[in-house]
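Data from model_9.pdb: PDB, C-alpha atoms
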```pdb
MODEL        1
ATOM      1  CA  MET A   1      33.854  55.499-125.701
ATOM      2  CA  SER A   2      36.482  52.777-125.664
ATOM      3  CA  GLY A   3      36.404  48.985-125.828
ATOM      4  CA  ASP A   4      36.121  46.853-122.716
ATOM      5  CA  LEU A   5      34.559  48.766-119.833
ATOM      6  CA  THR A   6      34.468  45.868-117.385
ATOM      7  CA  PRO A   7      35.696  47.005-113.938
ATOM      8  CA  PRO A   8      38.614  44.972-112.532
ATOM      9  CA  TRP A   9      36.466  43.617-109.686
ATOM     10  CA  ILE A  10      34.038  42.045-112.180
ATOM     11  CA  ILE A  11      36.648  40.241-114.286
ATOM     12  CA  LYS A  12      36.871  36.499-113.629
ATOM     13  CA  SER A  13      40.052  34.524-114.237
ATOM     14  CA  LYS A  14      40.849  30.843-114.606
ATOM     15  CA  ILE A  15      43.774  28.900-113.178
ATOM     16  CA  LEU A  16      46.076  27.262-115.718
ATOM     17  CA  VAL A  17      48.190  24.410-114.332
ATOM     18  CA  ARG A  18      51.736  24.040-115.614
ATOM     19  CA  ILE A  19      53.024  21.552-113.026
ATOM     20  CA  ASP A  20      50.596  19.693-110.761
ATOM     21  CA  VAL A  21      52.373  19.777-107.414
ATOM     22  CA  GLU A  22      51.612  20.556-103.770
ATOM     23  CA  SER A  23      53.515  22.814-101.390
ATOM     24  CA  ASN A  24      55.725  21.349 -98.676
ATOM     25  CA  PRO A  25      54.041  22.052 -95.294
ATOM     26  CA  SER A  26      57.486  22.537 -93.722
ATOM     27  CA  PHE A  27      57.933  25.878 -95.487
ATOM     28  CA  GLY A  28      56.007  29.126 -95.390
ATOM     29  CA  GLU A  29      52.800  29.848 -93.509
ATOM     30  CA  ASP A  30      49.065  30.390 -93.854
ATOM     31  CA  PRO A  31      48.751  34.123 -94.685
ATOM     32  CA  TYR A  32      45.539  34.280 -92.637
ATOM     33  CA  ASN A  33      47.164  32.738 -89.566
ATOM     34  CA  ARG A  34      50.526  34.459 -89.229
ATOM     35  CA  PRO A  35      52.003  35.284 -85.806
ATOM     36  CA  LEU A  36      50.462  38.614 -84.779
ATOM     37  CA  ASN A  37      53.660  40.647 -85.124
ATOM     38  CA  ARG A  38      54.078  39.463 -88.723
ATOM     39  CA  HIS A  39      50.341  39.788 -89.339
ATOM     40  CA  ILE A  40      50.614  43.496 -88.489
ATOM     41  CA  LYS A  41      53.857  43.912 -90.424
ATOM     42  CA  LEU A  42      52.124  42.520 -93.524
ATOM     43  CA  GLY A  43      48.748  44.045 -92.776
ATOM     44  CA  VAL A  44      46.167  46.311 -94.378
ATOM     45  CA  VAL A  45      43.462  48.264 -92.538
ATOM     46  CA  ASN A  46      40.405  49.039 -94.641
ATOM     47  CA  LEU A  47      39.507  52.316 -92.954
ATOM     48  CA  ASP A  48      36.303  54.288 -93.406
ATOM     49  CA  LYS A  49      37.741  57.796 -93.353
ATOM     50  CA  PRO A  50      35.389  60.398 -91.883
ATOM     51  CA  ARG A  51      34.979  63.886 -93.276
ATOM     52  CA  GLY A  52      37.349  66.399 -91.686
ATOM     53  CA  PRO A  53      40.821  64.906 -91.253
ATOM     54  CA  THR A  54      43.239  64.483 -94.142
ATOM     55  CA  SER A  55      44.271  61.071 -95.450
ATOM     56  CA  HIS A  56      47.712  61.732 -93.964
ATOM     57  CA  ASP A  57      46.187  62.476 -90.556
ATOM     58  CA  VAL A  58      44.270  59.204 -90.296
ATOM     59  CA  THR A  59      47.178  57.194 -91.720
ATOM     60  CA  SER A  60      49.460  58.628 -89.029
ATOM     61  CA  LYS A  61      46.878  57.768 -86.371
ATOM     62  CA  VAL A  62      46.645  54.150 -87.527
ATOM     63  CA  LYS A  63      50.431  53.918 -87.618
ATOM     64  CA  SER A  64      50.636  55.233 -84.052
ATOM     65  CA  LEU A  65      47.902  52.963 -82.674
ATOM     66  CA  LEU A  66      49.591  49.865 -84.099
ATOM     67  CA  ALA A  67      53.162  51.034 -83.381
ATOM     68  CA  ALA A  68      54.027  50.376 -87.016
ATOM     69  CA  GLY A  69      57.317  51.497 -88.480
ATOM     70  CA  LYS A  70      55.713  52.660 -91.720
ATOM     71  CA  ALA A  71      52.234  53.238 -93.061
ATOM     72  CA  GLY A  72      50.882  54.355 -96.415
ATOM     73  CA  HIS A  73      47.447  54.698 -97.942
ATOM     74  CA  GLY A  74      45.893  53.520-101.179
ATOM     75  CA  GLY A  75      44.777  56.818-102.669
ATOM     76  CA  THR A  76      44.254  60.283-101.180
ATOM     77  CA  LEU A  77      40.804  61.455-100.113
ATOM     78  CA  ASP A  78      40.248  65.196 -99.629
ATOM     79  CA  PRO A  79      39.353  66.277 -96.071
ATOM     80  CA  ALA A  80      35.725  66.893 -97.123
ATOM     81  CA  VAL A  81      35.442  63.408 -98.650
ATOM     82  CA  SER A  82      34.627  60.259 -96.676
ATOM     83  CA  GLY A  83      34.912  56.587 -97.458
ATOM     84  CA  VAL A  84      37.247  53.710 -98.171
ATOM     85  CA  LEU A  85      40.915  54.421 -97.429
ATOM     86  CA  PRO A  86      43.078  51.278 -97.339
ATOM     87  CA  ILE A  87      46.057  51.820 -95.024
ATOM     88  CA  LEU A  88      49.034  49.527 -95.537
ATOM     89  CA  LEU A  89      51.507  48.772 -92.768
ATOM     90  CA  ASP A  90      55.275  48.233 -92.811
ATOM     91  CA  ASP A  91      56.199  45.692 -95.550
ATOM     92  CA  ALA A  92      52.682  45.890 -97.003
ATOM     93  CA  THR A  93      53.365  49.521 -97.992
ATOM     94  CA  LYS A  94      55.180  48.126-101.026
ATOM     95  CA  CYS A  95      51.725  47.332-102.417
ATOM     96  CA  ALA A  96      50.342  50.865-101.974
ATOM     97  CA  GLY A  97      50.817  51.605-105.670
ATOM     98  CA  VAL A  98      48.799  48.534-106.611
ATOM     99  CA  VAL A  99      45.827  49.750-104.567
ATOM    100  CA  MET A 100      46.222  53.346-105.776
ATOM    101  CA  SER A 101      46.191  52.296-109.422
ATOM    102  CA  GLY A 102      43.273  49.891-108.957
ATOM    103  CA  GLY A 103      39.707  50.704-109.875
ATOM    104  CA  LYS A 104      37.605  52.962-107.652
ATOM    105  CA  GLU A 105      33.910  53.529-107.039
ATOM    106  CA  TYR A 106      32.328  56.734-105.755
ATOM    107  CA  VAL A 107      28.872  57.939-104.846
ATOM    108  CA  CYS A 108      28.628  61.598-105.778
ATOM    109  CA  VAL A 109      26.182  64.483-105.590
ATOM    110  CA  MET A 110      26.683  66.793-108.572
ATOM    111  CA  LYS A 111      24.937  70.161-108.592
ATOM    112  CA  LEU A 112      24.092  71.632-111.975
ATOM    113  CA  HIS A 113      24.201  75.428-112.307
ATOM    114  CA  GLY A 114      21.304  75.491-114.746
ATOM    115  CA  ASP A 115      18.356  73.448-115.943
ATOM    116  CA  VAL A 116      18.835  70.499-118.296
ATOM    117  CA  SER A 117      16.434  67.789-119.430
ATOM    118  CA  ASP A 118      16.743  64.141-118.443
ATOM    119  CA  ASP A 119      17.694  63.282-122.017
ATOM    120  CA  GLU A 120      20.483  65.889-122.016
ATOM    121  CA  LEU A 121      21.783  64.499-118.726
ATOM    122  CA  LYS A 122      21.734  60.926-120.051
ATOM    123  CA  ASP A 123      23.584  62.086-123.160
ATOM    124  CA  ALA A 124      26.306  63.657-120.979
ATOM    125  CA  ILE A 125      26.609  60.472-118.941
ATOM    126  CA  LYS A 126      27.036  58.475-122.127
ATOM    127  CA  MET A 127      29.605  60.945-123.462
ATOM    128  CA  PHE A 128      31.730  60.698-120.310
ATOM    129  CA  THR A 129      31.645  56.892-120.104
ATOM    130  CA  GLY A 130      34.746  55.218-121.509
ATOM    131  CA  GLU A 131      38.181  56.775-121.971
ATOM    132  CA  ILE A 132      38.280  60.466-121.106
ATOM    133  CA  TYR A 133      40.980  63.124-120.903
ATOM    134  CA  GLN A 134      41.498  64.846-117.558
ATOM    135  CA  LEU A 135      43.674  67.721-116.416
ATOM    136  CA  PRO A 136      44.066  67.364-112.622
ATOM    137  CA  PRO A 137      42.631  70.227-110.540
ATOM    138  CA  VAL A 138      44.921  73.099-109.547
ATOM    139  CA  ARG A 139      44.847  71.945-105.921
ATOM    140  CA  SER A 140      46.008  68.394-106.553
ATOM    141  CA  SER A 141      48.991  66.396-105.337
ATOM    142  CA  VAL A 142      50.204  65.465-108.846
ATOM    143  CA  ALA A 143      51.727  67.307-111.791
ATOM    144  CA  ARG A 144      49.112  69.060-113.924
ATOM    145  CA  SER A 145      49.305  67.295-117.262
ATOM    146  CA  VAL A 146      46.510  65.831-119.373
ATOM    147  CA  ARG A 147      45.919  62.168-118.554
ATOM    148  CA  VAL A 148      43.725  59.449-119.996
ATOM    149  CA  ARG A 149      41.366  57.869-117.475
ATOM    150  CA  THR A 150      38.639  55.246-117.855
ATOM    151  CA  ILE A 151      35.095  55.702-116.611
ATOM    152  CA  TYR A 152      33.688  52.170-116.473
ATOM    153  CA  SER A 153      30.174  53.320-115.686
ATOM    154  CA  ILE A 154      28.082  56.221-114.395
ATOM    155  CA  ASP A 155      24.814  55.104-112.811
ATOM    156  CA  LEU A 156      22.182  57.765-112.260
ATOM    157  CA  LEU A 157      20.750  56.872-108.839
ATOM    158  CA  GLU A 158      18.426  59.803-108.232
ATOM    159  CA  ARG A 159      17.658  63.300-109.427
ATOM    160  CA  ASP A 160      16.116  66.225-107.574
ATOM    161  CA  GLY A 161      16.061  69.198-109.940
ATOM    162  CA  ARG A 162      19.648  70.377-110.313
ATOM    163  CA  TYR A 163      20.980  67.875-107.773
ATOM    164  CA  ILE A 164      22.222  64.633-109.368
ATOM    165  CA  LEU A 165      23.073  61.553-107.277
ATOM    166  CA  MET A 166      25.253  59.160-109.239
ATOM    167  CA  LYS A 167      27.613  56.236-108.745
ATOM    168  CA  VAL A 168      30.844  56.350-110.709
ATOM    169  CA  ALA A 169      33.126  53.368-111.361
ATOM    170  CA  CYS A 170      36.499  54.489-112.710
ATOM    171  CA  SER A 171      40.179  53.742-113.043
ATOM    172  CA  GLY A 172      42.653  54.890-110.404
ATOM    173  CA  GLY A 173      43.680  58.537-110.540
ATOM    174  CA  THR A 174      40.316  59.817-111.769
ATOM    175  CA  TYR A 175      39.205  63.124-110.269
ATOM    176  CA  ILE A 176      35.448  63.117-109.676
ATOM    177  CA  ARG A 177      35.492  66.848-108.929
ATOM    178  CA  LYS A 178      36.922  67.441-112.412
ATOM    179  CA  LEU A 179      34.466  64.978-113.945
ATOM    180  CA  CYS A 180      31.534  66.989-112.554
ATOM    181  CA  TYR A 181      33.071  70.241-113.767
ATOM    182  CA  ASP A 182      33.652  68.862-117.273
ATOM    183  CA  MET A 183      30.139  67.412-117.480
ATOM    184  CA  GLY A 184      28.811  70.854-116.570
ATOM    185  CA  LEU A 185      30.797  72.408-119.397
ATOM    186  CA  TYR A 186      29.499  69.820-121.843
ATOM    187  CA  LEU A 187      25.918  70.494-120.748
ATOM    188  CA  GLY A 188      26.500  74.225-121.172
ATOM    189  CA  VAL A 189      25.221  75.159-117.711
ATOM    190  CA  GLY A 190      28.202  74.452-115.460
ATOM    191  CA  ALA A 191      28.315  72.064-112.503
ATOM    192  CA  HIS A 192      30.322  71.246-109.406
ATOM    193  CA  MET A 193      30.772  68.331-107.045
ATOM    194  CA  GLN A 194      28.610  68.924-103.971
ATOM    195  CA  GLU A 195      29.435  65.778-101.958
ATOM    196  CA  LEU A 196      31.548  62.687-102.462
ATOM    197  CA  ARG A 197      32.061  59.330-100.806
ATOM    198  CA  ARG A 198      34.388  56.562-101.970
ATOM    199  CA  VAL A 199      32.757  53.154-101.661
ATOM    200  CA  ARG A 200      35.521  51.063-103.257
ATOM    201  CA  ALA A 201      39.302  51.193-103.633
ATOM    202  CA  GLY A 202      40.513  48.174-105.579
ATOM    203  CA  PRO A 203      39.385  45.044-103.711
ATOM    204  CA  PHE A 204      38.384  47.005-100.585
ATOM    205  CA  THR A 205      34.767  48.143-100.174
ATOM    206  CA  GLU A 206      32.744  50.111 -97.645
ATOM    207  CA  ASN A 207      30.930  46.921 -96.602
ATOM    208  CA  THR A 208      34.059  45.703 -94.797
ATOM    209  CA  ALA A 209      35.530  49.094 -93.813
ATOM    210  CA  ILE A 210      36.122  49.866 -90.123
ATOM    211  CA  THR A 211      36.298  53.120 -88.186
ATOM    212  CA  LEU A 212      39.140  54.541 -86.114
ATOM    213  CA  LEU A 213      37.035  53.776 -83.028
ATOM    214  CA  ASP A 214      36.801  50.114 -84.079
ATOM    215  CA  LEU A 215      40.580  49.998 -84.380
ATOM    216  CA  TYR A 216      41.089  51.734 -81.032
ATOM    217  CA  GLU A 217      38.819  49.207 -79.276
ATOM    218  CA  ALA A 218      40.606  46.276 -80.918
ATOM    219  CA  VAL A 219      44.023  47.586 -79.827
ATOM    220  CA  GLU A 220      42.764  48.145 -76.255
ATOM    221  CA  ASN A 221      41.320  44.628 -76.140
ATOM    222  CA  TRP A 222      44.635  43.231 -77.289
ATOM    223  CA  LYS A 223      46.741  45.220 -74.835
ATOM    224  CA  LYS A 224      44.499  44.818 -71.777
ATOM    225  CA  ASN A 225      43.096  41.324 -72.315
ATOM    226  CA  SER A 226      45.699  39.751 -74.646
ATOM    227  CA  ASN A 227      42.821  39.077 -77.021
ATOM    228  CA  GLU A 228      44.002  39.162 -80.637
ATOM    229  CA  SER A 229      40.702  38.217 -82.277
ATOM    230  CA  MET A 230      39.345  41.739 -82.915
ATOM    231  CA  LEU A 231      42.693  42.969 -84.193
ATOM    232  CA  ARG A 232      43.071  40.012 -86.543
ATOM    233  CA  GLU A 233      39.595  40.639 -87.892
ATOM    234  CA  ILE A 234      40.323  44.322 -88.528
ATOM    235  CA  ILE A 235      43.816  43.959 -89.982
ATOM    236  CA  LYS A 236      43.713  42.041 -93.247
ATOM    237  CA  PRO A 237      46.743  40.230 -94.699
ATOM    238  CA  VAL A 238      48.550  41.968 -97.547
ATOM    239  CA  GLU A 239      47.289  39.241 -99.864
ATOM    240  CA  GLU A 240      43.910  41.014 -99.798
ATOM    241  CA  ALA A 241      45.516  44.016-101.529
ATOM    242  CA  VAL A 242      46.418  41.997-104.646
ATOM    243  CA  LYS A 243      43.143  40.111-105.045
ATOM    244  CA  LEU A 244      42.378  41.828-108.356
ATOM    245  CA  MET A 245      45.867  41.362-109.831
ATOM    246  CA  PRO A 246      46.827  38.586-112.281
ATOM    247  CA  LYS A 247      48.696  35.929-110.299
ATOM    248  CA  ILE A 248      51.485  33.463-110.928
ATOM    249  CA  TYR A 249      52.046  30.654-108.396
ATOM    250  CA  LEU A 250      55.607  29.557-107.692
ATOM    251  CA  LEU A 251      57.069  26.174-106.926
ATOM    252  CA  ASP A 252      58.474  26.012-103.392
ATOM    253  CA  SER A 253      61.916  25.698-104.961
ATOM    254  CA  ALA A 254      61.590  29.102-106.661
ATOM    255  CA  VAL A 255      60.263  31.155-103.722
ATOM    256  CA  GLY A 256      63.613  31.554-101.966
ATOM    257  CA  ALA A 257      65.298  32.812-105.124
ATOM    258  CA  VAL A 258      62.613  35.424-105.772
ATOM    259  CA  CYS A 259      62.823  36.544-102.132
ATOM    260  CA  ASN A 260      66.491  37.234-102.791
ATOM    261  CA  GLY A 261      65.614  39.388-105.795
ATOM    262  CA  ALA A 262      65.979  36.889-108.617
ATOM    263  CA  ASN A 263      63.752  37.166-111.647
ATOM    264  CA  LEU A 264      61.254  34.342-112.076
ATOM    265  CA  ALA A 265      62.152  31.653-114.593
ATOM    266  CA  VAL A 266      59.503  29.634-116.385
ATOM    267  CA  SER A 267      60.827  26.491-114.682
ATOM    268  CA  GLY A 268      59.804  27.921-111.303
ATOM    269  CA  ILE A 269      56.111  28.279-112.153
ATOM    270  CA  ALA A 270      53.515  25.761-110.963
ATOM    271  CA  LYS A 271      50.337  27.495-112.172
ATOM    272  CA  LEU A 272      49.040  30.881-113.231
ATOM    273  CA  GLU A 273      45.885  32.789-114.048
ATOM    274  CA  ASP A 274      44.816  33.176-117.657
ATOM    275  CA  ASN A 275      44.835  37.005-117.548
ATOM    276  CA  VAL A 276      48.613  37.476-117.301
ATOM    277  CA  LYS A 277      49.690  40.013-119.943
ATOM    278  CA  LYS A 278      53.144  40.836-121.255
ATOM    279  CA  GLY A 279      54.448  44.099-119.824
ATOM    280  CA  LYS A 280      51.843  44.226-117.038
ATOM    281  CA  MET A 281      52.268  43.934-113.275
ATOM    282  CA  VAL A 282      51.588  40.530-111.721
ATOM    283  CA  ALA A 283      51.520  39.147-108.182
ATOM    284  CA  LEU A 284      53.901  36.279-107.510
ATOM    285  CA  MET A 285      52.324  33.898-105.014
ATOM    286  CA  SER A 286      53.407  30.781-103.152
ATOM    287  CA  LEU A 287      51.305  27.635-103.448
ATOM    288  CA  LYS A 288      50.053  28.407 -99.925
ATOM    289  CA  GLY A 289      48.629  31.706-101.162
ATOM    290  CA  GLU A 290      51.361  33.935 -99.691
ATOM    291  CA  LEU A 291      52.352  37.063-101.588
ATOM    292  CA  VAL A 292      56.018  36.657-102.483
ATOM    293  CA  ALA A 293      56.670  39.636-104.747
ATOM    294  CA  LEU A 294      55.351  41.958-107.433
ATOM    295  CA  GLY A 295      56.811  41.878-110.901
ATOM    296  CA  VAL A 296      56.346  42.712-114.563
ATOM    297  CA  SER A 297      55.578  39.783-116.832
ATOM    298  CA  ARG A 298      57.694  39.220-119.917
ATOM    299  CA  MET A 299      55.137  36.800-121.369
ATOM    300  CA  ASN A 300      51.407  36.278-121.728
ATOM    301  CA  SER A 301      49.713  33.350-119.996
ATOM    302  CA  GLU A 302      49.766  31.199-123.132
ATOM    303  CA  GLU A 303      53.457  31.863-123.755
ATOM    304  CA  ILE A 304      54.357  30.866-120.193
ATOM    305  CA  LEU A 305      52.460  27.595-120.539
ATOM    306  CA  GLU A 306      54.200  26.749-123.803
ATOM    307  CA  ALA A 307      57.728  27.872-122.856
ATOM    308  CA  GLU A 308      60.277  25.389-121.520
ATOM    309  CA  HIS A 309      62.848  27.915-120.363
ATOM    310  CA  GLY A 310      63.516  31.633-120.096
ATOM    311  CA  ILE A 311      62.588  34.446-117.721
ATOM    312  CA  ALA A 312      58.840  34.887-117.302
ATOM    313  CA  VAL A 313      58.739  37.779-114.827
ATOM    314  CA  ASP A 314      61.084  40.603-113.857
ATOM    315  CA  THR A 315      60.888  40.909-110.076
ATOM    316  CA  GLU A 316      60.144  44.491-109.016
ATOM    317  CA  ARG A 317      59.259  44.463-105.302
ATOM    318  CA  VAL A 318      59.881  41.620-102.870
ATOM    319  CA  ILE A 319      57.216  41.409-100.159
ATOM    320  CA  MET A 320      57.983  38.141 -98.362
ATOM    321  CA  GLU A 321      60.828  38.132 -95.874
ATOM    322  CA  LYS A 322      63.796  35.883 -96.562
ATOM    323  CA  GLY A 323      64.189  32.543 -94.836
ATOM    324  CA  LEU A 324      60.628  31.192 -94.930
ATOM    325  CA  TYR A 325      61.600  29.010 -97.896
ATOM    326  CA  PRO A 326      65.030  27.452 -98.545
ATOM    327  CA  PRO A 327      67.357  29.065-101.095
ATOM    328  CA  ILE A 328      67.879  27.207-104.359
ATOM    329  CA  TRP A 329      71.359  28.326-105.245
ATOM    330  CA  LYS A 330      74.821  28.065-103.809
ATOM    331  CA  HIS A 331      77.809  30.301-104.553
ATOM    332  CA  GLY A 332      75.743  32.207-107.106
ATOM    333  CA  GLU A 333      74.716  29.107-109.050
ATOM    334  CA  ARG A 334      71.104  28.091-109.329
ATOM    335  CA  ARG A 335      70.194  24.713-107.773
ATOM    336  CA  ILE A 336      66.770  23.273-108.517
ATOM    337  CA  LYS A 337      65.183  21.210-105.757
ATOM    338  CA  GLN A 338      62.153  19.107-106.541
ATOM    339  CA  ASN A 339      59.208  19.195-104.129
TER
ENDMDL
END
```

Go ahead and express the file in the form of structure tokens.
Amino acid sequence: MSGDLTPPWIIKSKILVRIDVESNPSFGEDPYNRPLNRHIKLGVVNLDKPRGPTSHDVTSKVKSLLAAGKAGHGGTLDPAVSGVLPILLDDATKCAGVVMSGGKEYVCVMKLHGDVSDDELKDAIKMFTGEIYQLPPVRSSVARSVRVRTIYSIDLLERDGRYILMKVACSGGTYIRKLCYDMGLYLGVGAHMQELRRVRAGPFTENTAITLLDLYEAVENWKKNSNESMLREIIKPVEEAVKLMPKIYLLDSAVGAVCNGANLAVSGIAKLEDNVKKGKMVALMSLKGELVALGVSRMNSEEILEAEHGIAVDTERVIMEKGLYPPIWKHGERRIKQN
């Protein structure tokens, strides 16, 4: 077992204020009240994938229904597996990696190939909680090399002889099929995954997931009755995809520069969460709560608060379109505007 086994969705963060300032209402927009075309362009559909179709199949269907230019999903589910499949649209696809690498939760039926006692089963669960080594299955979409994955918890929900119903909370990229197989080896009787359903992918859960039929009805209601309400309820803003990420909030005067690809200087930061870590991915947000970009922090939270100058974050992926906030440079030189 390893150290902290707290799932990302349980971790609480605090806001640290560097400069107490408000955003200018003339710039930007409420991410939950964008014009519909931009709402779709920066949207995420939390789909409940049924058993049968592939993740690619349902992603293509969502893309077609919404006439999106691009669509990507937040982690493949095998055709026989159902559950939460976040589908990101157009500019929101830049955040697909964030969702894919986020924590996951599954409800699984594991079938043992022989008899084991309850104590032996509990011992195996304990052994496979924490950091584990996994070699992806032969039929997987990634290169077959040993990887370290984290199992936050395995909750034994029910047992009926050799059938084990359990809930697994794990880091992104964990193969539950392989977990069942390895637990069977450890127990000395063998085991396989009988059924699987994903109930969480990062911040998205089955409680708020919608079906393809729900989406179809919402699109029809929009096209035939010009009623956007159902569609707006189903399509979530991209900001929902980064809910579990450490966040840094930018001054209005820094947003335009970051949108043009500039790295974020300490002087452009208004506030930040206390879980920002050096070398880790962070979400750069406007003071209105808009997702501006994703980047890799050069400093920890404490260092950013104490620093007076220097680059705090290397900008990796710009999400916000240019022009919503004014630029802060001219002829290549940086111009700071006070709010």

Next item on the list: List the neighbours of stretch 191-198 of chain A out to 12 Å using only C-alpha atoms; skip same-chain residues closer than 6 positions along the sequence, and give me the result as a ChimeraX atom specification.
Entry: /A:47-51,74-86,103-116,121,162-170,172,174-185,204-207,209

Next item on the list: Using all atoms listed in the file, give me every residue within 7 Å of (51.2, 41.0, -119.5) in file coordinates, as a PyMOL selection string.
Entry: chain A and resi 276-281+297-300

Could you build a table of the residues in stretch 7-61 of chain A lying no more than 10 Å from stretch 69-73 of chain A, giving for each the nearest pair of atoms and their separation in Å rounded to one decimal place, using only C-alpha atoms, ordered by chain and ascending residue number, as a tab-separated table?
```
residue	atom	partner	partner_atom	distance
A:Lys41	CA	A:Gly69	CA	8.6
A:Gly43	CA	A:Ala71	CA	9.8
A:Val44	CA	A:His73	CA	9.2
A:Val45	CA	A:His73	CA	9.3
A:Asn46	CA	A:His73	CA	9.6
A:Leu47	CA	A:His73	CA	9.7
A:Ser55	CA	A:His73	CA	7.5
A:His56	CA	A:His73	CA	8.1
A:Val58	CA	A:His73	CA	9.4
A:Thr59	CA	A:Ala71	CA	6.6
A:Ser60	CA	A:Ala71	CA	7.3
A:Lys61	CA	A:Ala71	CA	9.7
```

Restricting the output to C-alpha atoms, write the selected residues as an mmCIF file, in the coordinates of the input.
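Below you can see selection27.cif, which holds the result:
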```cif
data_model
loop_
_atom_site.group_PDB
_atom_site.id
_atom_site.type_symbol
_atom_site.label_atom_id
_atom_site.label_comp_id
_atom_site.auth_asym_id
_atom_site.auth_seq_id
_atom_site.Cartn_x
_atom_site.Cartn_y
_atom_site.Cartn_z
ATOM 1 C CA LYS A 41 53.857 43.912 -90.424
ATOM 2 C CA GLY A 43 48.748 44.045 -92.776
ATOM 3 C CA VAL A 44 46.167 46.311 -94.378
ATOM 4 C CA VAL A 45 43.462 48.264 -92.538
ATOM 5 C CA ASN A 46 40.405 49.039 -94.641
ATOM 6 C CA LEU A 47 39.507 52.316 -92.954
ATOM 7 C CA SER A 55 44.271 61.071 -95.450
ATOM 8 C CA HIS A 56 47.712 61.732 -93.964
ATOM 9 C CA VAL A 58 44.270 59.204 -90.296
ATOM 10 C CA THR A 59 47.178 57.194 -91.720
ATOM 11 C CA SER A 60 49.460 58.628 -89.029
ATOM 12 C CA LYS A 61 46.878 57.768 -86.371
#
```

Margin query: Between atom CA of A:Val313 and atom CA of A:Gly295, what distance in Å does the model show, to one decimal?
Written below: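 Atom CA of A:Val313 sits 6.0 Å away from atom CA of A:Gly295.
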
Next item on the list: Could you check which of A:Pro237, A:Gly268, A:Pro136, A:Pro53 is closest to A:Leu250, using all atoms listed in the file?
Entry: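 That would be A:Gly268, the residue with the smallest distance to A:Leu250.
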
Item checked: Gap from atom CA of A:Val255 to atom CA of A:Pro326 - Å, one decimal -> 8.0 Å

Next item on the list: Pull out every residue that the PyMOL selection byres ((chain A and resi 292) around 6) matches in the shown coordinates and put them as a PyMOL selection string.
Entry: chain A and resi 284-285+291+293+319-320

Can I get the selected residues back with C-alpha atoms, as a JSON list (two decimals), keeping the file's coordinate frame?
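As written to disk, out_13.json reads:
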```json
[["chain", "number", "residue", "atom", "x", "y", "z"],
["A", 284, "LEU", "CA", 53.90, 36.28, -107.51],
["A", 285, "MET", "CA", 52.32, 33.90, -105.01],
["A", 291, "LEU", "CA", 52.35, 37.06, -101.59],
["A", 293, "ALA", "CA", 56.67, 39.64, -104.75],
["A", 319, "ILE", "CA", 57.22, 41.41, -100.16],
["A", 320, "MET", "CA", 57.98, 38.14, -98.36]]
```

Next item on the list: Go through A:Glu220, A:Glu290, A:Asp155, A:Glu303 one by one, measure the shortest atom-to-atom distance of each to A:Pro31 using all atoms listed in the file, and give the residue with the smallest value.
Entry: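 Of all the options, A:Glu290 lies closest to A:Pro31.
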
Margin query: Which residues are close to A:Ser23, i.e. within 7 Å by only C-alpha atoms, leaving aside same-chain residues fewer than 6 positions away? Reply as a PyMOL selection string.
Written below: chain A and resi 252+287-288

What box, with edges along x, y and z, holds each listed atom of stretch 234-243 of chain A when 4 Å is added on every side, and can you state its centre and edge lengths in Å to one decimal, as AutoDock Vina command-line options?
```
--center_x 44.4 --center_y 41.8 --center_z -96.8 --size_x 16.2 --size_y 13.1 --size_z 24.5
```

Next item on the list: Considering all atoms listed in the file, return as a list of chain:residue names whatever protein or nucleic-acid residues lie within 12 Å of A:Ile10, sequence-local ones (same chain, fewer than 3 positions apart) excluded.
Entry: A:Asp4, A:Leu5, A:Thr6, A:Pro7, A:Ser13, A:Gly103, A:Tyr152, A:Ala169, A:Gly202, A:Pro203, A:Lys243, A:Leu244

Next item on the list: Please measure the separation of atom CA of A:Phe128 and atom CA of A:Ala96, giving the value in Å to one decimal.
Entry: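 Interatomic distance here is 27.9 Å.
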
Next item on the list: Using the chain letters and numbers from the file, give me the residues hit by the PyMOL selection byres ((chain A and resi 307) around 12), as a list in words.
Entry: Arg18, Ala265, Val266, Ser267, Gly268, Ile269, Arg298, Met299, Asn300, Ser301, Glu302, Glu303, Ile304, Leu305, Glu306, Glu308, His309, Gly310, Ile311 and Ala312 of chain A

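The smallest atom-to-atom distance between A:Trp222 and any of A:Leu36, A:Val242, A:Val146, A:Ile19, using all atoms listed in the file, is found for A:Leu36.
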
Notebook entry, point to check: Which residue gives the smallest distance to A:Val258 among A:Thr208, A:Asn275, A:Thr315, A:Asn225, with all atoms listed in the file counted?
Noted result: A:Thr315

Check: For A:Val282, which residue out of A:Val296, A:Ala270, A:Val238, A:Ile210 is the nearest one, using all atoms listed in the file?
Finding: A:Val296

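Restricting the calculation to all atoms listed in the file, the smallest distance between A:Gly130 and any of A:Asn227, A:Asn24, A:Ser171, A:Asn221 is found for A:Ser171.
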
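Using all atoms listed in the file, the residues found no farther than 12 Å from A:Gly323, other than those of its own chain fewer than 4 positions away, are Phe27, Gly28, Glu29, Val255, Gly256, Ala257, Val258, Cys259, Asn260, Val292, Pro327 and Ile328 of chain A.
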